[in-house]
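**Q** The file below is my_file_21.cif, mmCIF, C-alpha atoms; chains and numbers go by the auth columns:
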data_protein
#
loop_
_atom_site.group_PDB
_atom_site.id
_atom_site.type_symbol
_atom_site.label_atom_id
_atom_site.label_comp_id
_atom_site.label_asym_id
_atom_site.label_seq_id
_atom_site.Cartn_x
_atom_site.Cartn_y
_atom_site.Cartn_z
_atom_site.B_iso_or_equiv
_atom_site.auth_seq_id
_atom_site.auth_asym_id
ATOM 1 C CA MET A 1 -13.158 37.537 68.337 0.00 16 A
ATOM 2 C CA THR A 2 -12.579 33.954 67.307 0.00 17 A
ATOM 3 C CA LYS A 3 -12.234 32.792 63.735 0.00 18 A
ATOM 4 C CA THR A 4 -15.581 30.968 63.957 0.00 19 A
ATOM 5 C CA THR A 5 -17.389 34.066 65.256 0.00 20 A
ATOM 6 C CA SER A 6 -15.798 36.246 62.591 0.00 21 A
ATOM 7 C CA LYS A 7 -16.878 33.855 59.852 0.00 22 A
ATOM 8 C CA LEU A 8 -20.392 33.778 61.291 0.00 23 A
ATOM 9 C CA ILE A 9 -20.706 37.562 61.261 0.00 24 A
ATOM 10 C CA THR A 10 -19.282 37.747 57.747 0.00 25 A
ATOM 11 C CA THR A 11 -21.882 35.238 56.550 0.00 26 A
ATOM 12 C CA LYS A 12 -24.711 37.199 58.141 0.00 27 A
ATOM 13 C CA LEU A 13 -23.482 40.465 56.658 0.00 28 A
ATOM 14 C CA THR A 14 -23.239 38.861 53.215 0.00 29 A
ATOM 15 C CA VAL A 15 -26.798 37.530 53.425 0.00 30 A
ATOM 16 C CA THR A 16 -27.996 40.938 54.671 0.00 31 A
ATOM 17 C CA ALA A 17 -26.331 42.728 51.759 0.00 32 A
ATOM 18 C CA MET A 18 -27.835 40.344 49.203 0.00 33 A
ATOM 19 C CA LEU A 19 -31.348 40.579 50.641 0.00 34 A
ATOM 20 C CA THR A 20 -31.080 44.366 50.956 0.00 35 A
ATOM 21 C CA ALA A 21 -30.185 44.651 47.266 0.00 36 A
ATOM 22 C CA ILE A 22 -33.243 42.568 46.332 0.00 37 A
ATOM 23 C CA ALA A 23 -35.460 44.642 48.644 0.00 38 A
ATOM 24 C CA VAL A 24 -34.258 47.898 47.063 0.00 39 A
ATOM 25 C CA VAL A 25 -35.192 46.638 43.600 0.00 40 A
ATOM 26 C CA LEU A 26 -38.582 45.359 44.765 0.00 41 A
ATOM 27 C CA GLN A 27 -39.368 48.694 46.411 0.00 42 A
ATOM 28 C CA TYR A 28 -39.603 50.256 42.945 0.00 43 A
ATOM 29 C CA ILE A 29 -42.181 47.694 41.812 0.00 44 A
ATOM 30 C CA GLU A 30 -45.482 49.160 43.008 0.00 45 A
ATOM 31 C CA VAL A 31 -49.025 48.024 42.268 0.00 46 A
ATOM 32 C CA SER A 32 -52.043 50.334 42.549 0.00 47 A
ATOM 33 C CA ILE A 33 -55.181 48.930 44.168 0.00 48 A
ATOM 34 C CA PRO A 34 -58.449 50.424 42.802 0.00 49 A
ATOM 35 C CA ILE A 35 -60.394 50.176 46.077 0.00 50 A
ATOM 36 C CA VAL A 36 -57.967 52.382 48.048 0.00 51 A
ATOM 37 C CA PRO A 37 -56.683 55.940 47.468 0.00 52 A
ATOM 38 C CA SER A 38 -54.052 56.171 44.738 0.00 53 A
ATOM 39 C CA PHE A 39 -51.241 57.065 47.154 0.00 54 A
ATOM 40 C CA LEU A 40 -51.547 53.634 48.815 0.00 55 A
ATOM 41 C CA LYS A 41 -49.552 51.219 46.688 0.00 56 A
ATOM 42 C CA LEU A 42 -48.597 47.601 47.156 0.00 57 A
ATOM 43 C CA ASP A 43 -44.921 46.703 46.936 0.00 58 A
ATOM 44 C CA PHE A 44 -43.100 43.485 47.684 0.00 59 A
ATOM 45 C CA SER A 45 -39.934 44.759 49.344 0.00 60 A
ATOM 46 C CA ASP A 46 -40.905 43.227 52.692 0.00 61 A
ATOM 47 C CA ILE A 47 -40.317 39.734 51.285 0.00 62 A
ATOM 48 C CA PRO A 48 -36.484 39.815 51.552 0.00 63 A
ATOM 49 C CA GLU A 49 -36.814 41.364 55.011 0.00 64 A
ATOM 50 C CA LEU A 50 -39.102 38.574 56.185 0.00 65 A
ATOM 51 C CA ILE A 51 -36.803 35.930 54.721 0.00 66 A
ATOM 52 C CA GLY A 52 -33.863 37.606 56.458 0.00 67 A
ATOM 53 C CA ALA A 53 -35.730 37.590 59.767 0.00 68 A
ATOM 54 C CA PHE A 54 -36.338 33.855 59.372 0.00 69 A
ATOM 55 C CA VAL A 55 -32.859 32.929 58.141 0.00 70 A
ATOM 56 C CA ILE A 56 -30.545 35.085 60.242 0.00 71 A
ATOM 57 C CA GLY A 57 -32.800 36.554 62.910 0.00 72 A
ATOM 58 C CA PRO A 58 -35.349 39.331 63.530 0.00 73 A
ATOM 59 C CA ILE A 59 -32.784 42.061 64.214 0.00 74 A
ATOM 60 C CA TRP A 60 -31.190 41.388 60.831 0.00 75 A
ATOM 61 C CA GLY A 61 -34.610 41.564 59.189 0.00 76 A
ATOM 62 C CA VAL A 62 -35.090 45.014 60.722 0.00 77 A
ATOM 63 C CA ALA A 63 -31.593 45.985 59.537 0.00 78 A
ATOM 64 C CA ILE A 64 -32.494 45.029 55.960 0.00 79 A
ATOM 65 C CA CYS A 65 -35.628 47.169 56.237 0.00 80 A
ATOM 66 C CA LEU A 66 -33.589 50.121 57.513 0.00 81 A
ATOM 67 C CA LEU A 67 -30.861 49.817 54.871 0.00 82 A
ATOM 68 C CA LYS A 68 -33.446 49.515 52.091 0.00 83 A
ATOM 69 C CA ASN A 69 -35.120 52.756 53.105 0.00 84 A
ATOM 70 C CA LEU A 70 -31.853 54.621 53.665 0.00 85 A
ATOM 71 C CA ILE A 71 -30.766 53.688 50.132 0.00 86 A
ATOM 72 C CA HIS A 72 -34.139 54.798 48.757 0.00 87 A
ATOM 73 C CA LEU A 73 -34.122 58.077 50.717 0.00 88 A
ATOM 74 C CA PRO A 74 -32.214 60.214 48.139 0.00 89 A
ATOM 75 C CA PHE A 75 -34.865 59.285 45.558 0.00 90 A
ATOM 76 C CA SER A 76 -37.804 59.943 47.872 0.00 91 A
ATOM 77 C CA GLY A 77 -40.869 61.664 46.510 0.00 92 A
ATOM 78 C CA SER A 78 -42.187 62.267 50.016 0.00 93 A
ATOM 79 C CA VAL A 79 -39.262 64.085 51.663 0.00 94 A
ATOM 80 C CA GLY A 80 -38.528 60.932 53.608 0.00 95 A
ATOM 81 C CA VAL A 81 -41.981 60.535 55.167 0.00 96 A
ATOM 82 C CA GLY A 82 -42.846 57.512 53.036 0.00 97 A
ATOM 83 C CA GLU A 83 -39.528 55.871 53.838 0.00 98 A
ATOM 84 C CA PHE A 84 -40.016 56.525 57.545 0.00 99 A
ATOM 85 C CA SER A 85 -43.474 54.948 57.452 0.00 100 A
ATOM 86 C CA ASN A 86 -42.211 52.015 55.385 0.00 101 A
ATOM 87 C CA PHE A 87 -39.412 51.387 57.861 0.00 102 A
ATOM 88 C CA ILE A 88 -41.560 51.599 60.995 0.00 103 A
ATOM 89 C CA LEU A 89 -44.285 49.304 59.676 0.00 104 A
ATOM 90 C CA GLY A 90 -41.878 46.917 57.955 0.00 105 A
ATOM 91 C CA ALA A 91 -39.746 46.683 61.081 0.00 106 A
ATOM 92 C CA ILE A 92 -42.795 45.826 63.196 0.00 107 A
ATOM 93 C CA PHE A 93 -43.838 43.160 60.699 0.00 108 A
ATOM 94 C CA VAL A 94 -40.530 41.343 60.372 0.00 109 A
ATOM 95 C CA PHE A 95 -39.473 41.708 64.017 0.00 110 A
ATOM 96 C CA VAL A 96 -42.704 40.226 65.370 0.00 111 A
ATOM 97 C CA ALA A 97 -42.709 37.454 62.755 0.00 112 A
ATOM 98 C CA GLY A 98 -39.004 36.766 63.248 0.00 113 A
ATOM 99 C CA MET A 99 -39.290 36.535 67.030 0.00 114 A
ATOM 100 C CA ILE A 100 -42.167 34.051 66.839 0.00 115 A
ATOM 101 C CA TYR A 101 -40.405 31.961 64.185 0.00 116 A
ATOM 102 C CA LYS A 102 -37.268 31.918 66.310 0.00 117 A
ATOM 103 C CA TYR A 103 -39.083 29.623 68.745 0.00 118 A
ATOM 104 C CA HIS A 104 -41.227 27.740 66.202 0.00 119 A
ATOM 105 C CA LYS A 105 -38.962 26.873 63.283 0.00 120 A
ATOM 106 C CA THR A 106 -41.415 24.995 61.081 0.00 121 A
ATOM 107 C CA LYS A 107 -43.379 25.939 57.992 0.00 122 A
ATOM 108 C CA LYS A 108 -46.521 26.231 60.095 0.00 123 A
ATOM 109 C CA GLY A 109 -44.593 28.351 62.579 0.00 124 A
ATOM 110 C CA ALA A 110 -43.427 30.632 59.781 0.00 125 A
ATOM 111 C CA LEU A 111 -46.987 31.004 58.481 0.00 126 A
ATOM 112 C CA VAL A 112 -48.461 31.788 61.902 0.00 127 A
ATOM 113 C CA ALA A 113 -45.580 34.173 62.628 0.00 128 A
ATOM 114 C CA SER A 114 -46.157 36.018 59.344 0.00 129 A
ATOM 115 C CA ILE A 115 -49.885 36.392 59.966 0.00 130 A
ATOM 116 C CA ILE A 116 -49.363 37.714 63.502 0.00 131 A
ATOM 117 C CA GLY A 117 -46.654 40.054 62.210 0.00 132 A
ATOM 118 C CA ALA A 118 -49.011 41.343 59.516 0.00 133 A
ATOM 119 C CA LEU A 119 -51.739 41.914 62.103 0.00 134 A
ATOM 120 C CA ALA A 120 -49.360 43.803 64.402 0.00 135 A
ATOM 121 C CA MET A 121 -48.248 45.959 61.472 0.00 136 A
ATOM 122 C CA ALA A 122 -51.855 46.740 60.519 0.00 137 A
ATOM 123 C CA VAL A 123 -52.948 47.656 64.047 0.00 138 A
ATOM 124 C CA LEU A 124 -49.922 49.835 64.800 0.00 139 A
ATOM 125 C CA SER A 125 -50.279 51.567 61.421 0.00 140 A
ATOM 126 C CA ILE A 126 -53.245 53.416 62.950 0.00 141 A
ATOM 127 C CA VAL A 127 -50.965 55.046 65.517 0.00 142 A
ATOM 128 C CA THR A 128 -48.111 55.926 63.157 0.00 143 A
ATOM 129 C CA ASN A 129 -50.388 57.222 60.399 0.00 144 A
ATOM 130 C CA TYR A 130 -52.711 59.183 62.697 0.00 145 A
ATOM 131 C CA PHE A 131 -50.066 60.913 64.787 0.00 146 A
ATOM 132 C CA ILE A 132 -47.053 61.150 62.463 0.00 147 A
ATOM 133 C CA VAL A 133 -47.340 60.268 58.788 0.00 148 A
ATOM 134 C CA TYR A 134 -50.603 61.929 57.752 0.00 149 A
ATOM 135 C CA PRO A 135 -50.093 65.168 59.751 0.00 150 A
ATOM 136 C CA VAL A 136 -46.706 65.569 58.058 0.00 151 A
ATOM 137 C CA TYR A 137 -48.201 64.827 54.643 0.00 152 A
ATOM 138 C CA ALA A 138 -50.919 67.426 55.297 0.00 153 A
ATOM 139 C CA GLN A 139 -48.319 70.049 56.207 0.00 154 A
ATOM 140 C CA LEU A 140 -46.152 69.334 53.184 0.00 155 A
ATOM 141 C CA TRP A 141 -48.771 68.982 50.450 0.00 156 A
ATOM 142 C CA ALA A 142 -52.073 70.361 51.736 0.00 157 A
ATOM 143 C CA GLY A 143 -51.094 73.496 53.588 0.00 158 A
ATOM 144 C CA GLY A 144 -51.881 71.792 56.879 0.00 159 A
ATOM 145 C CA ASP A 145 -55.454 71.015 55.817 0.00 160 A
ATOM 146 C CA MET A 146 -56.167 67.376 56.683 0.00 161 A
ATOM 147 C CA ASN A 147 -59.504 67.595 54.868 0.00 162 A
ATOM 148 C CA VAL A 148 -57.659 67.512 51.551 0.00 163 A
ATOM 149 C CA ILE A 149 -56.468 64.003 52.388 0.00 164 A
ATOM 150 C CA ILE A 150 -59.758 62.923 53.950 0.00 165 A
ATOM 151 C CA ASN A 151 -61.631 64.007 50.818 0.00 166 A
ATOM 152 C CA MET A 152 -59.587 61.501 48.804 0.00 167 A
ATOM 153 C CA TYR A 153 -61.039 58.778 51.007 0.00 168 A
ATOM 154 C CA LYS A 154 -64.546 60.261 50.897 0.00 169 A
ATOM 155 C CA ALA A 155 -64.437 60.128 47.108 0.00 170 A
ATOM 156 C CA LEU A 156 -64.313 56.342 47.456 0.00 171 A
ATOM 157 C CA LEU A 157 -66.609 56.052 50.462 0.00 172 A
ATOM 158 C CA PRO A 158 -68.550 59.090 51.788 0.00 173 A
ATOM 159 C CA ALA A 159 -68.800 57.512 55.256 0.00 174 A
ATOM 160 C CA SER A 160 -65.024 57.890 55.746 0.00 175 A
ATOM 161 C CA ASP A 161 -65.375 61.518 56.835 0.00 176 A
ATOM 162 C CA THR A 162 -62.667 61.574 59.508 0.00 177 A
ATOM 163 C CA LEU A 163 -59.040 60.529 59.457 0.00 178 A
ATOM 164 C CA LEU A 164 -59.578 57.776 62.013 0.00 179 A
ATOM 165 C CA LYS A 165 -62.486 56.311 60.048 0.00 180 A
ATOM 166 C CA SER A 166 -60.431 56.461 56.860 0.00 181 A
ATOM 167 C CA LEU A 167 -57.550 54.607 58.471 0.00 182 A
ATOM 168 C CA LEU A 168 -59.813 51.943 59.952 0.00 183 A
ATOM 169 C CA ILE A 169 -61.820 51.412 56.767 0.00 184 A
ATOM 170 C CA PHE A 170 -59.007 51.563 54.217 0.00 185 A
ATOM 171 C CA ASN A 171 -55.494 51.533 55.652 0.00 186 A
ATOM 172 C CA VAL A 172 -55.838 48.751 58.218 0.00 187 A
ATOM 173 C CA PRO A 173 -57.293 46.198 55.763 0.00 188 A
ATOM 174 C CA PHE A 174 -54.820 47.329 53.076 0.00 189 A
ATOM 175 C CA THR A 175 -51.821 46.988 55.409 0.00 190 A
ATOM 176 C CA PHE A 176 -52.984 43.635 56.749 0.00 191 A
ATOM 177 C CA GLY A 177 -53.670 42.432 53.204 0.00 192 A
ATOM 178 C CA LYS A 178 -50.207 43.536 52.119 0.00 193 A
ATOM 179 C CA GLY A 179 -48.707 41.530 54.970 0.00 194 A
ATOM 180 C CA LEU A 180 -50.728 38.474 53.960 0.00 195 A
ATOM 181 C CA VAL A 181 -49.571 38.782 50.334 0.00 196 A
ATOM 182 C CA VAL A 182 -45.956 38.966 51.500 0.00 197 A
ATOM 183 C CA ALA A 183 -46.560 35.982 53.789 0.00 198 A
ATOM 184 C CA ALA A 184 -48.160 33.975 50.956 0.00 199 A
ATOM 185 C CA ILE A 185 -45.270 34.616 48.570 0.00 200 A
ATOM 186 C CA THR A 186 -42.755 33.825 51.304 0.00 201 A
ATOM 187 C CA MET A 187 -44.550 30.543 52.017 0.00 202 A
ATOM 188 C CA PHE A 188 -44.522 29.730 48.298 0.00 203 A
ATOM 189 C CA ILE A 189 -40.744 29.985 48.191 0.00 204 A
ATOM 190 C CA TYR A 190 -40.291 28.569 51.685 0.00 205 A
ATOM 191 C CA LYS A 191 -39.766 24.982 50.539 0.00 206 A
ATOM 192 C CA PRO A 192 -36.905 25.787 48.101 0.00 207 A
ATOM 193 C CA LEU A 193 -35.339 27.873 50.862 0.00 208 A
ATOM 194 C CA SER A 194 -36.066 25.490 53.729 0.00 209 A
ATOM 195 C CA ASN A 195 -32.846 23.466 53.392 0.00 210 A
ATOM 196 C CA MET A 196 -30.792 26.650 53.386 0.00 211 A
ATOM 197 C CA ILE A 197 -32.739 27.987 56.367 0.00 212 A
ATOM 198 C CA VAL A 198 -32.192 24.776 58.352 0.00 213 A
ATOM 199 C CA LYS A 199 -28.478 24.627 57.523 0.00 214 A
ATOM 200 C CA MET A 200 -27.900 28.302 58.362 0.00 215 A
ATOM 201 C CA ASN A 201 -29.928 28.148 61.560 0.00 216 A
ATOM 202 C CA ASN A 202 -28.042 25.045 62.670 0.00 217 A
ATOM 203 C CA SER A 203 -24.765 26.766 61.875 0.00 218 A
ATOM 204 C CA PHE A 204 -25.767 29.936 63.728 0.00 219 A
ATOM 205 C CA ASN A 205 -26.989 28.028 66.760 0.00 220 A
ATOM 206 C CA LYS A 206 -23.822 25.966 67.222 0.00 221 A
ATOM 207 C CA LYS A 207 -21.868 26.860 70.298 0.00 222 A
ATOM 208 C CA ASN A 208 -18.489 28.281 69.685 0.00 223 A
ATOM 209 C CA LYS A 209 -16.096 25.453 70.481 0.00 224 A
ATOM 210 C CA ALA A 210 -12.955 27.383 69.623 0.00 225 A
#
Before anything else, please render the file you have as structure tokens.

**A**
Amino acid sequence: MTKTTSKLITTKLTVTAMLTAIAVVLQYIEVSIPIVPSFLKLDFSDIPELIGAFVIGPIWGVAICLLKNLIHLPFSGSVGVGEFSNFILGAIFVFVAGMIYKYHKTKKGALVASIIGALAMAVLSIVTNYFIVYPVYAQLWAGGDMNVIINMYKALLPASDTLLKSLLIFNVPFTFGKGLVVAAITMFIYKPLSNMIVKMNNSFNKKNKA
């Protein structure tokens, strides 16, 4: 490993550690939304992950998401199920957005990438929630009775009388909306960060001449 490569990796690890620390703090700041069941809460911990995906690459954004949830795991109120769901959906979001931005490094590119990432996260949340997250929740807290969870949705909208309907009516819009909020905040701070992003990307893309 050359000195230049070593310095590059050290820089990326430092940025990852800083963004992970911010993400961990933000994960504890949750906002309840009245139009969705109380167990669905909005948090802003995907912001550092998205910034990391833009600044140092999509894989590093996923790494921040993983580290954040591993650190939060000992304090989990869901026996790790919530952290697993947060990681899977967050990883989809930042990886898709990061990959698109990698080839379109402009503010418009970042915005489009974030929106597509949010959409991918929302659509794939149907699969993860239907087959993994909600069945586990039902086993842990409802004695295996999925109707206990469905009834929480029906209390808000009687038409949501199946799990799939509940996910389509509530979770998909909520997840997509969460992604858009994260994208909007990221865009708001994009300009102050843009010089740093450009400098770091230029540095990371330089060929090793050593």

**Q** Return the single residue from A:Val39, A:Val46, A:Ala174, A:Ile131 that is closest to A:Leu81, with distances computed using only C-alpha atoms.

**A**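 Of all the options, A:Val39 lies closest to A:Leu81.
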
**Q** What would the selection look like, as a list in words, if the PyMOL selection byres ((chain A and resi 150-154) around 12) were run on the coordinates I just shared?

**A**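 Checked against the file, the PyMOL selection byres ((chain A and resi 150-154) around 12) matches Phe54, Gly92, Ser93, Val94, Gly95, Val96, Gly97, Phe99, Ser100, Val142, Thr143, Asn144, Tyr145, Phe146, Ile147, Val148, Tyr149, Leu155, Trp156, Ala157, Gly158, Gly159, Asp160, Met161, Asn162, Val163, Ile164, Ile165 and Leu178 of chain A.
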
**Q** Given the point (-33.5, 55.1, 50.6) in the file's coordinates, find the residues that have an atom at most 12 Å from it, counting all atoms listed in the file, and give them as a VMD selection string.

**A** chain A and resid 35 to 36 38 to 40 42 to 43 79 to 99 101 to 102

**Q** Let me know the residues the PyMOL selection byres ((chain A and resi 180-190) around 9) catches in the file above, as JSON, numbers by chain.

**A** {"A": [50, 51, 52, 55, 57, 104, 133, 134, 136, 137, 138, 139, 140, 141, 144, 145, 165, 168, 169, 172, 174, 175, 176, 177, 178, 179, 191, 192, 193, 194, 195]}

**Q** From the list A:Ile48, A:Ala112, A:Ala135, A:Leu65, which residue is nearest A:Ile204 when using all atoms listed in the file?

**A**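 Of A:Ile48, A:Ala112, A:Ala135, A:Leu65, the one nearest A:Ile204 is A:Leu65, counting all atoms listed in the file.
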
**Q** Tell me, in Å to one decimal, how far atom CA of A:Gly132 is from atom CA of A:Tyr116.

**A**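 So the answer is 10.4 Å.
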
**Q** I'd like the neighbourhood of A:Gly76 as a compact mmCIF listing (two decimals) with C-alpha atoms, in the coordinates of the input, where a residue qualifies if any of its atoms comes within 7 Å (using only C-alpha atoms), though same-chain residues fewer than 6 positions away should be ignored.

**A**
# COMPACT_ATOMS: atom_id res chain seq x y z
CA GLU A 64 -36.81 41.36 55.01
CA LEU A 65 -39.10 38.57 56.18
CA GLY A 67 -33.86 37.61 56.46
CA ALA A 68 -35.73 37.59 59.77
CA VAL A 109 -40.53 41.34 60.37
CA PHE A 110 -39.47 41.71 64.02

**Q** What's the 7 Å shell around A:Asp58, counting all atoms listed in the file, without same-chain residues fewer than 2 positions away, as a list in words?

**A**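 Listing them by chain and then by number gives Leu41, Gln42, Ile44, Glu45, Val46, Lys56 and Ser60 of chain A.
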
**Q** So, with all atoms listed in the file as the atoms that count, which of A:Gly113, A:Leu28, A:Ile66, A:Lys120 lies closest to A:Leu208?

**A**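 Smallest separation from A:Leu208 among the options: A:Ile66.
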